[in-house]
Structures are given as structure tokens and as C-alpha cells.
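Colleague: Would you mind keeping the following structure in view while I ask a few things?
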Amino acid sequence: MGVTKDEYSFHMKSQYHISKSFLDVNQVMIARKNEVFDNQYTIALTKNHTGYESQVYSKYPDAKVLYCENMNACLKAVYSGQANMTIGDAYSVKYYIQKLGFEDTLDIYNILLEPIQLCFVGQLDNNPVLMNIIDKTIDSLSNKEIERIVQTYTVGLKYEYSLLDTIYQNRTSITFVALVIIIILVIIGQSIKKRTELFMQKRETEILREKAELDRLTGIYNQSTFYEKAREILNQNEEDFCLIYMNINRFQVINDLYGIEEGDRLLAYIGKYLKDYMNNHSHTLVCRLTTDHFLILTTQSEYKKNKKIDILKDYPLDFNSALRFGIYFIEDKSLSVHIMADRAAMAAKSIKNRYINQAEVYNEEQRQIILQEQMIMDEIQTAILQEDILIYVQPKYDIENNMIIGGEALVRWLHPKHGLISPSVFIPVLEKNGLITQLDDFVWEKTCQLLRELKNMHCLLPISINISRLNFYRNHLPLLLLDLVHKYELQPQDLHLEITESVYSKDTEVIYSVIEELQQLGFVILMDDFGSGYSSLSMLKDAPVDIIKLDMGFLSLKDDMKRSYAIIEAIVDLSYTLDLSLIVEGVETKEQVAFLQKIHAQYAQGYYFSKPVPVKDYINLCLENH
């Protein structure tokens with residue numbers, strides 16, 4: 001190790017042997033290039049320079065000393081500005097100053113300090129002979145040989161750059177490259193993020209679109225989407241198209257026998273078949289309307305090629321199920337798709353209960369029915385407001401005395417263009433489309449006005465009005481009727497209520513509760529068309545009813561009149577047993593009247609006694625009767 005005599009005497013004299021000096025090395029100063037020294041400056045020294053600290057202070061009396069672990073640390077202190085200069089031997093400094101950044105920033109200056117005497121040092125417990133051998137070796141070497149050896153292993157060594165040195169040397173390039181990479185990564189990240197967001201947005205849009213456009217169970221279009229896309233296809237293509245309405249015969253039976261899950265599987269199977277068909281045939285569109293009802297838009301040429309395909313032939317169900325088709329050949333593309341679908345549906349309905357021919361093409365007769373139904377719906381409100389709806393009354397008679405006991409309010413529509421329209425034509429249309437309650441309100445009001453007029457003439461007899469099924473789901477029907485009779489100062493028993501047998505057979509809990517409330521208010525309840533249904537006798541046990549109206553249709557049978565007569569006689573006897581009044585309706589001949597008298601039927605209604613007559617004529621009949 002290289003030491004001065006002062007260092008040796010200060011640190012190591014009592015602990016080590018020291019050899020002769022084998023080389024005197026000049027000390028140099030290292031400072032930043034163009035460094036300007038003021039009165040306050042700091043010198044970085046290695047800790048092993050403490051022995052000649054006095055030399056530094058003698059040369060630089062105003063300096064502060066910063067001690068560092070080694071020469072490399074001293075150079076770093078000067079480079080970073082922690083110190084203004086450092087002092088070291090010329091050989092070490094020339095090696096370390098090769099470090100990246102140092103040689104560009106730092107410079108070497110000669111100073112007048114005592115040279116460093118390089119010696120070998122050994123511990124006191126070593127053999128002193130070893131130190132003598134070293135001293136003799138030093139004496140045997142010339143100064144040039146020693147200097148060559150030292151230069152080879154100091155100045156002659158190339159400084160080995162560490163990874164940190166390399167990074168520092170190329171810091172500008174690395175920083176630029178890193179910045180470019182970061183920018184690229186940010187751009188890529190933003191691009192990926194944007195693409196991901198666009199993908200997620202697109203997927204969410206697709207999911208929402210599918211929910212909005214597709215039927216959940218079958219995966220094909222729903223009704224509203226079908227109508228929209230069908231319109232686009234019809235507008236954009238010159239080919240001839242047809243619209244096919246399809247549903248499953250006896251689908252409810254499948255649900256009842258095999259369960260709703262099996263029914264859903266069947267619908268999903270049909271949906272998949274139709275979807276595949278649509279994907280494989282151009283200008284074709286399919287949808288599920290409701291439950292087991294489907295629509296198919298296709299070209300007429302495709303229909304003619306594929307109309308005999310049996311969709312259900314491979315479906316694994318031990319049930320003789322079949323599909324029913326209504327076909328509408330589109331001639332006028334300007335029609336709304338909704339109207340086209342209605343026409344195809346009407347064609348399908350025309351084959352109800354027929355199992356040989358399961359397809360029907362829409363024809364002109366069906367078109368006229370649709371037009372008539374549309375006219376009825378469009379003009380019924382105007383007819384009511386303008387009182388084109390007329391009240392007729394058909395009297396009810398005591399058979400034995402041929403006396404009127406009351407009447408039944410009926411309606412006729414005197415249309416200004418089409419003349420007299422029968423209720424059998426317009427009432428079913430109003431019931432199907434939910435407009436019947438408007439007509440009922442009008443008839444009930446007019447009937448109460450008639451009753452009030454008869455009461456003023458002192459010939460008041462009860463008149464019955466018909467209560468259609470839909471009225472039982474109106475809020476507070478009993479109170480509505482009660483307010484109506486009180487409005488005209490009548491009693492509930494003056495206004496009889498006729499309810500057809502079919503109304504009793506469905507949703508009995510709701511219907512029965514309303515009828516019982518009406519009875520408690522004093523209204524008289526008649527079961528109309530008794531005998532025309534399938535479970536009349538069983539209903540008599542539980543149904544709330546005061547009077548039975550027996551359908552004389554039994555006697556219109558041409559075969560086995562004896563059996564029909566027997567049934568009517570049994571029902572008449574049963575009414576007496578159950579303490580129920582009975583009116584036989586549909587009586588048209590003298591022979592029928594004779595038979596009813598024979599079996600002691602008391603009341604009757606029919607053309608034999610009187611057809612339905614206008615209100616004025618009914619009032620005259622009542623006055624004559626009175």
C-alpha cells in the first residue's frame with residue numbers, strides 16, 4: 001500500500017513493519033473544469049489521507065475536508081458538487097477519471113504537495129526476514145522497471161464500465177428511447193383501451209339489440225322487428241312475396257299432457273328450424289308472434305318449392321301434432337305488414353277443426369269479413385252518438401194467459417249506408433275487440449229510460465238487459481247498475497240481468513262473486529241460452545241464478561224428436577224442483593206451444609208470440625196488455 005512517512009508514524013508505526021519506498025508518486029488535484037474557488041471550498045479526501053491533513057491545510061488553509069471511502073467516492077463528490085476538489089495520486093486518478101462523465105466534466109491539476117511514497121506494509125508478527133527480502137528486491141529494481149510495472153497495472157488498465165456506467169453514458173439516448181417506448185405503450189394502451197371499449201360497447205349494443213329484436217325463447221325476430229324488416233324487404237325487392245301465418249294444432253293439449261317445458265322445447269325446435277330456413281333462403285324473414293303463432297315472409301317461388309316440407313316429422317314427441325298454415329299472396333305491397341298478417345291469420349282460422357287440409361289461402365270472402373269488421377270498429381262510436389243503434393224489445397209471455405210479463409232489450413244497427421245490420425254481425429266483433437262495454441252502456445241507459453216511461457204510464461213490467469262477459473271485470477259493476485236504476489227512480493228488480501250460460505263456465509270464482517253481489521242488491525239474474533252448452537245441469541247446483549231461459553233449439557232437431565221432448569220436459573220438472581222460474585225461448589210454432597202447455601211450462605218467448613219490436617210498438621203492446 002502507498003503511504004507517506006507521516007502516515008506511517010501517525011497510524012501504523014506501532015502495529016506494522018514498513019518496507020523501503022519503492023516509488024514516489026506525485027499528488028494531483030481534481031476539480032470541475034473551469035471551477036472558480038472562493039474563500040469557502042471543500043476538499044474530498046479518502047480516509048487514509050488523514051496522516052497528511054496538515055499538508056492540505058498548510059496549502060489550503062480555508063478549506064473544509066469531506067472524507068470519503070475511496071478515490072471513486074471522492075471523484076463522485078466533486079462531480080456532484082458536494083466538494084470543490086479532491087487530491088489523489090496521479091496513477092489512481094488517471095484510472096478512475098476514465099469513468100463515464102468524469103473525463104468530460106473533471107480535470108487534473110498539479111499541486112505542490114509531498115509525493116506519496118509507495119511501500120509494502122506487514123504485520124509485526126510476520127517474520128522480519130520477509131521484509132528484508134522485500135527491501136533487497138526493491139533495491140535490485142531500477143526506477144524505470146518499477147514505473148513500468150506500476151503503469152501497467154494502474155494507468156495502463158482500461159476502466160471497466162459497469163451496467164450503471166453504461167446506462168449513465170447513454171442516458172440521453174436511453175431516456176429518449178424510454179420516452180418513445182412509453183409513448184408507444186401509452187398509444188398502444190389507449191388504442192387497446194379504445195378498441196376494448198368499442199368492442200364492449202358494440203357487444204352491449206348487440207345484446208340490447210338482441211333483447212329488443214329477438215324472441216327470448218326461439219331466438220328469431222319478435223313481431224315489431226319483423227314488421228319493420230319485412231317492410232324493408234318488400235320495398236327493396238321486385239319479386240312476388242307471400243306471408244305465411246303458422247300455428248300448432250292443439251298446442252294447449254301438449255302443454256296439458258306433457259307440461260309447459262315440453263311445450264317450450266317444441267317452440268324452440270320450430271324457432272331453430274325457421275331460423276335455419278331464413279339463413280339459407282334469401283329475402284326470407286321469420287318471427288314468433290305470440291305463444292305458438294309464427295309468421296314467415298318469403299318469395300312465392302320459394303313457397304311453392306318448399307310448401308310440402310313437414311317441419312315436425314323429426315321432432316321426438318309421441319303426440320299427433322300438426323301445423324296449420326294461412327297464406328296471403330301479397331299483391332299490394334303498400335299495405336301495412338300488420339294488415340297482411342291479419343289476412344294470413346284469417347286464412348289459417350278458416351281451417352279450424354279440419355285436419356286433412358292444413359293450409360288455406362286468403363280469399364276475397366275473407367277480405368270482405370275483415371273489411372266489415374274494420375267498418376264496425378271504426379263506426380260503432382259514431383253510431384252510438386248519433387243513435388243509429390236502435391233499441392228493440394222482444395216480449396216475454398205467460399203461456400196460459402197469453403199475457404206479457406216483461407221483455408228483453410235487443411239492439412239493431414240502422415246504418416245510413418248498409419241498412420239494418422243484425423246484432424249477430426256486429427256484437428261478436430265488438431266482443432272480440434273489447435268495444436262491447438260502450439254498446440252495453442248505451443243499451444242499459446236506453447232501457448232504463450224506457451222503464452221510466454212505462455212506469456209513468458202505470459204499466460211497468462221488468463225488462464232484461466244482456467251482460468256480456470267483459471263487464472264482469474269492470475270496477476264496481478254492481479254499484480254502476482244500482483246508480484243507473486236509481487237515476488231513473490227505478491228498483492233493481494225492474495231491470496233483469498241476462499247472463500249467457502258460457503259466462504258461468506269460466507273464471508267462476510270472480511263471476512259468481514259479482515252475480516251474488518248483484519242478487520243481494522235486488523237484481524234478478526237470468527241464465528240465458530240454457531241447454532246450448534256442455535255442462536248446464538252441473539252448473540245449476542252451484543250457479544247463482546233466479547230464472548232459467550231454456551233454448552228451444554232442442555226441438556229443432558229433425559231426428560229423434562221424442563228424446564228432445566223428453567229432455568225439455570225433464571228440465572221443466574227440474575226447475576220446479578229447484579224452485580227456479582223457467583222461460584222457454586225460441587218458440588215459433590203452435591205445436592211447440594201445445595207441447596209446453598202439456599208439460600206445464602209457464603213462460604215463453606219467441607216469434608210465435610212476438611218478434612222483437614221497436615220501443616214504441618212495445619209500449620203499445622204493454623198498454624194493450626194492461
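Residue numbering restarts at 1 for every chain of the C-alpha cells, chains are lettered A, B, ... in their displayed order, and ligands are numbered from 1 as they appear.
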Please identify every residue of range 414-497 of chain A that has at least one atom no farther than 8 Å from an atom of range 605-623 of chain A, counting only C-alpha atoms, and for each give the shortest atom pair and the distance in Å to one decimal, arranged by chain then increasing number, as a tab-separated table.

Modeller:
residue	atom	partner	partner_atom	distance
A:Leu450	CA	A:Val615	CA	7.6
A:Leu454	CA	A:Ile619	CA	7.2
A:Cys459	CA	A:Cys622	CA	6.5

Colleague: Take the residues that were just selected and, keeping N, CA, C and O atoms, output them as a short mmCIF file (atom, residue, chain, number, x, y, z; two decimals), in the first residue's frame.

Modeller:
data_model
loop_
_atom_site.label_atom_id
_atom_site.label_comp_id
_atom_site.auth_asym_id
_atom_site.auth_seq_id
_atom_site.Cartn_x
_atom_site.Cartn_y
_atom_site.Cartn_z
N LEU A 450 -136.70 3.69 -20.98
CA LEU A 450 -137.95 3.05 -21.38
C LEU A 450 -138.74 2.61 -20.16
O LEU A 450 -139.97 2.80 -20.09
N LEU A 454 -142.49 3.68 -19.02
CA LEU A 454 -143.57 2.73 -18.72
C LEU A 454 -144.10 2.93 -17.31
O LEU A 454 -145.32 2.80 -17.06
N CYS A 459 -147.72 1.08 -16.42
CA CYS A 459 -147.73 -0.27 -16.98
C CYS A 459 -146.30 -0.84 -16.99
O CYS A 459 -145.83 -1.40 -17.98
#

Colleague: Could you list, as a ChimeraX atom specification, every residue within 8 Å of Tyr273 in chain A, counting only C-alpha atoms and ignoring same-chain residues fewer than 4 positions away?

Modeller: /A:269,277,311

Colleague: For range 480-489 of chain A, list every protein, DNA or RNA residue within 8 Å, evaluated using only C-alpha atoms, and leave out those in the same chain fewer than 6 positions away; present the list as a list in words.

Modeller: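 With the cut-off at 8 Å, the set is Glu445, Cys448, Gln449, Arg452, Leu495 and Leu521 of chain A.
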
Colleague: What does the file look like for those residues with N, CA, C and O atoms, as a PDB file, in the first residue's frame?

Modeller:
ATOM      1  N   GLU A 445    -128.685   2.341 -20.599  1.00  0.00           N
ATOM      2  CA  GLU A 445    -129.248   3.667 -20.368  1.00  0.00           C
ATOM      3  C   GLU A 445    -130.605   3.804 -21.066  1.00  0.00           C
ATOM      4  O   GLU A 445    -131.598   4.283 -20.465  1.00  0.00           O
ATOM      5  N   CYS A 448    -133.355   1.776 -19.278  1.00  0.00           N
ATOM      6  CA  CYS A 448    -133.852   2.413 -18.053  1.00  0.00           C
ATOM      7  C   CYS A 448    -134.755   3.600 -18.401  1.00  0.00           C
ATOM      8  O   CYS A 448    -135.744   3.864 -17.691  1.00  0.00           O
ATOM      9  N   GLN A 449    -134.427   4.316 -19.470  1.00  0.00           N
ATOM     10  CA  GLN A 449    -135.317   5.398 -19.909  1.00  0.00           C
ATOM     11  C   GLN A 449    -136.682   4.838 -20.308  1.00  0.00           C
ATOM     12  O   GLN A 449    -137.736   5.435 -19.989  1.00  0.00           O
ATOM     13  N   ARG A 452    -138.596   3.877 -17.213  1.00  0.00           N
ATOM     14  CA  ARG A 452    -139.125   5.073 -16.543  1.00  0.00           C
ATOM     15  C   ARG A 452    -140.403   5.559 -17.251  1.00  0.00           C
ATOM     16  O   ARG A 452    -141.386   5.958 -16.596  1.00  0.00           O
ATOM     17  N   LEU A 495    -135.083  -4.088 -13.491  1.00  0.00           N
ATOM     18  CA  LEU A 495    -134.085  -4.296 -14.547  1.00  0.00           C
ATOM     19  C   LEU A 495    -133.487  -5.694 -14.373  1.00  0.00           C
ATOM     20  O   LEU A 495    -132.576  -5.898 -13.569  1.00  0.00           O
ATOM     21  N   LEU A 521    -128.254  -6.946  -3.996  1.00  0.00           N
ATOM     22  CA  LEU A 521    -128.763  -5.584  -4.217  1.00  0.00           C
ATOM     23  C   LEU A 521    -130.195  -5.591  -4.734  1.00  0.00           C
ATOM     24  O   LEU A 521    -130.817  -4.528  -4.843  1.00  0.00           O
TER      25      LEU A 521
END

Colleague: Rank A:Ile499, A:Ala347, A:Ile18, A:Ala604 by their smallest atom-to-atom distance to Leu130 in chain A, using only C-alpha atoms, and report the top residue only.

Modeller: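 When distances to Leu130 in chain A are compared using only C-alpha atoms, the smallest one comes from A:Ile18.
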
Colleague: Under the rule that only C-alpha atoms are counted, which of A:Val93, A:Val253, A:Ile43, A:Leu243 is the nearest residue to Ile330 in chain A?

Modeller: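 Smallest distance to Ile330 in chain A is found for A:Leu243.
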
Colleague: DSSP says helix (DSSP H, G or I) for which residues of range 416-606 of chain A? Put them as a PyMOL selection string?

Modeller: chain A and resi 423-432+436-456+469-473+477-487+492-494+501-504+508-520+536-542+552-556+561-577+590-598

Colleague: Excluding Tyr41 in chain A and residues on its chain fewer than 2 positions from it, collect all residues at most 10 Å away from it, counting only C-alpha atoms, and give them as a ChimeraX atom specification.

Modeller: /A:36-39,43,60,62-65,82-85

Colleague: Restricting it to N, CA, C and O atoms, dump the selection as a PDB file, in the first residue's frame.

Modeller:
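Result file follows (again15.pdb):
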ATOM      1  N   VAL A  36     -14.155  27.859 -10.219  1.00  0.00           N
ATOM      2  CA  VAL A  36     -13.672  29.096  -9.594  1.00  0.00           C
ATOM      3  C   VAL A  36     -13.753  28.922  -8.090  1.00  0.00           C
ATOM      4  O   VAL A  36     -14.835  28.620  -7.561  1.00  0.00           O
ATOM      5  N   PHE A  37     -12.644  29.099  -7.403  1.00  0.00           N
ATOM      6  CA  PHE A  37     -12.601  28.878  -5.956  1.00  0.00           C
ATOM      7  C   PHE A  37     -12.776  30.205  -5.236  1.00  0.00           C
ATOM      8  O   PHE A  37     -12.148  31.210  -5.577  1.00  0.00           O
ATOM      9  N   ASP A  38     -13.648  30.221  -4.266  1.00  0.00           N
ATOM     10  CA  ASP A  38     -13.779  31.390  -3.403  1.00  0.00           C
ATOM     11  C   ASP A  38     -13.123  31.078  -2.066  1.00  0.00           C
ATOM     12  O   ASP A  38     -12.367  30.114  -1.945  1.00  0.00           O
ATOM     13  N   ASN A  39     -13.411  31.836  -1.087  1.00  0.00           N
ATOM     14  CA  ASN A  39     -12.757  31.648   0.216  1.00  0.00           C
ATOM     15  C   ASN A  39     -13.271  30.420   0.948  1.00  0.00           C
ATOM     16  O   ASN A  39     -12.618  29.915   1.863  1.00  0.00           O
ATOM     17  N   ILE A  43     -12.709  20.114   0.257  1.00  0.00           N
ATOM     18  CA  ILE A  43     -11.836  19.146  -0.374  1.00  0.00           C
ATOM     19  C   ILE A  43     -12.270  17.757   0.052  1.00  0.00           C
ATOM     20  O   ILE A  43     -12.438  17.489   1.245  1.00  0.00           O
ATOM     21  N   TYR A  60      -4.027  24.840   1.720  1.00  0.00           N
ATOM     22  CA  TYR A  60      -5.370  25.418   1.557  1.00  0.00           C
ATOM     23  C   TYR A  60      -5.958  25.676   2.938  1.00  0.00           C
ATOM     24  O   TYR A  60      -6.755  24.861   3.460  1.00  0.00           O
ATOM     25  N   ASP A  62      -8.140  27.661   4.173  1.00  0.00           N
ATOM     26  CA  ASP A  62      -9.585  27.945   4.349  1.00  0.00           C
ATOM     27  C   ASP A  62     -10.489  26.765   3.944  1.00  0.00           C
ATOM     28  O   ASP A  62     -11.711  26.906   3.909  1.00  0.00           O
ATOM     29  N   ALA A  63      -9.894  25.666   3.609  1.00  0.00           N
ATOM     30  CA  ALA A  63     -10.693  24.538   3.087  1.00  0.00           C
ATOM     31  C   ALA A  63     -11.367  23.743   4.203  1.00  0.00           C
ATOM     32  O   ALA A  63     -10.869  23.674   5.317  1.00  0.00           O
ATOM     33  N   LYS A  64     -12.513  23.128   3.806  1.00  0.00           N
ATOM     34  CA  LYS A  64     -13.165  22.127   4.639  1.00  0.00           C
ATOM     35  C   LYS A  64     -12.894  20.776   4.022  1.00  0.00           C
ATOM     36  O   LYS A  64     -12.797  20.653   2.801  1.00  0.00           O
ATOM     37  N   VAL A  65     -12.784  19.746   4.860  1.00  0.00           N
ATOM     38  CA  VAL A  65     -12.462  18.412   4.369  1.00  0.00           C
ATOM     39  C   VAL A  65     -13.707  17.523   4.452  1.00  0.00           C
ATOM     40  O   VAL A  65     -14.388  17.495   5.478  1.00  0.00           O
ATOM     41  N   GLN A  82     -20.659  18.260  -4.271  1.00  0.00           N
ATOM     42  CA  GLN A  82     -20.532  18.220  -2.810  1.00  0.00           C
ATOM     43  C   GLN A  82     -19.170  18.754  -2.358  1.00  0.00           C
ATOM     44  O   GLN A  82     -19.023  19.200  -1.224  1.00  0.00           O
ATOM     45  N   ALA A  83     -18.210  18.592  -3.205  1.00  0.00           N
ATOM     46  CA  ALA A  83     -16.851  19.102  -2.908  1.00  0.00           C
ATOM     47  C   ALA A  83     -16.347  19.875  -4.113  1.00  0.00           C
ATOM     48  O   ALA A  83     -16.774  19.636  -5.251  1.00  0.00           O
ATOM     49  N   ASN A  84     -15.414  20.812  -3.833  1.00  0.00           N
ATOM     50  CA  ASN A  84     -14.856  21.596  -4.927  1.00  0.00           C
ATOM     51  C   ASN A  84     -13.677  20.906  -5.584  1.00  0.00           C
ATOM     52  O   ASN A  84     -13.399  21.132  -6.770  1.00  0.00           O
ATOM     53  N   MET A  85     -12.953  20.075  -4.816  1.00  0.00           N
ATOM     54  CA  MET A  85     -11.792  19.381  -5.346  1.00  0.00           C
ATOM     55  C   MET A  85     -11.534  18.135  -4.532  1.00  0.00           C
ATOM     56  O   MET A  85     -12.120  17.933  -3.467  1.00  0.00           O
TER      57      MET A  85
END
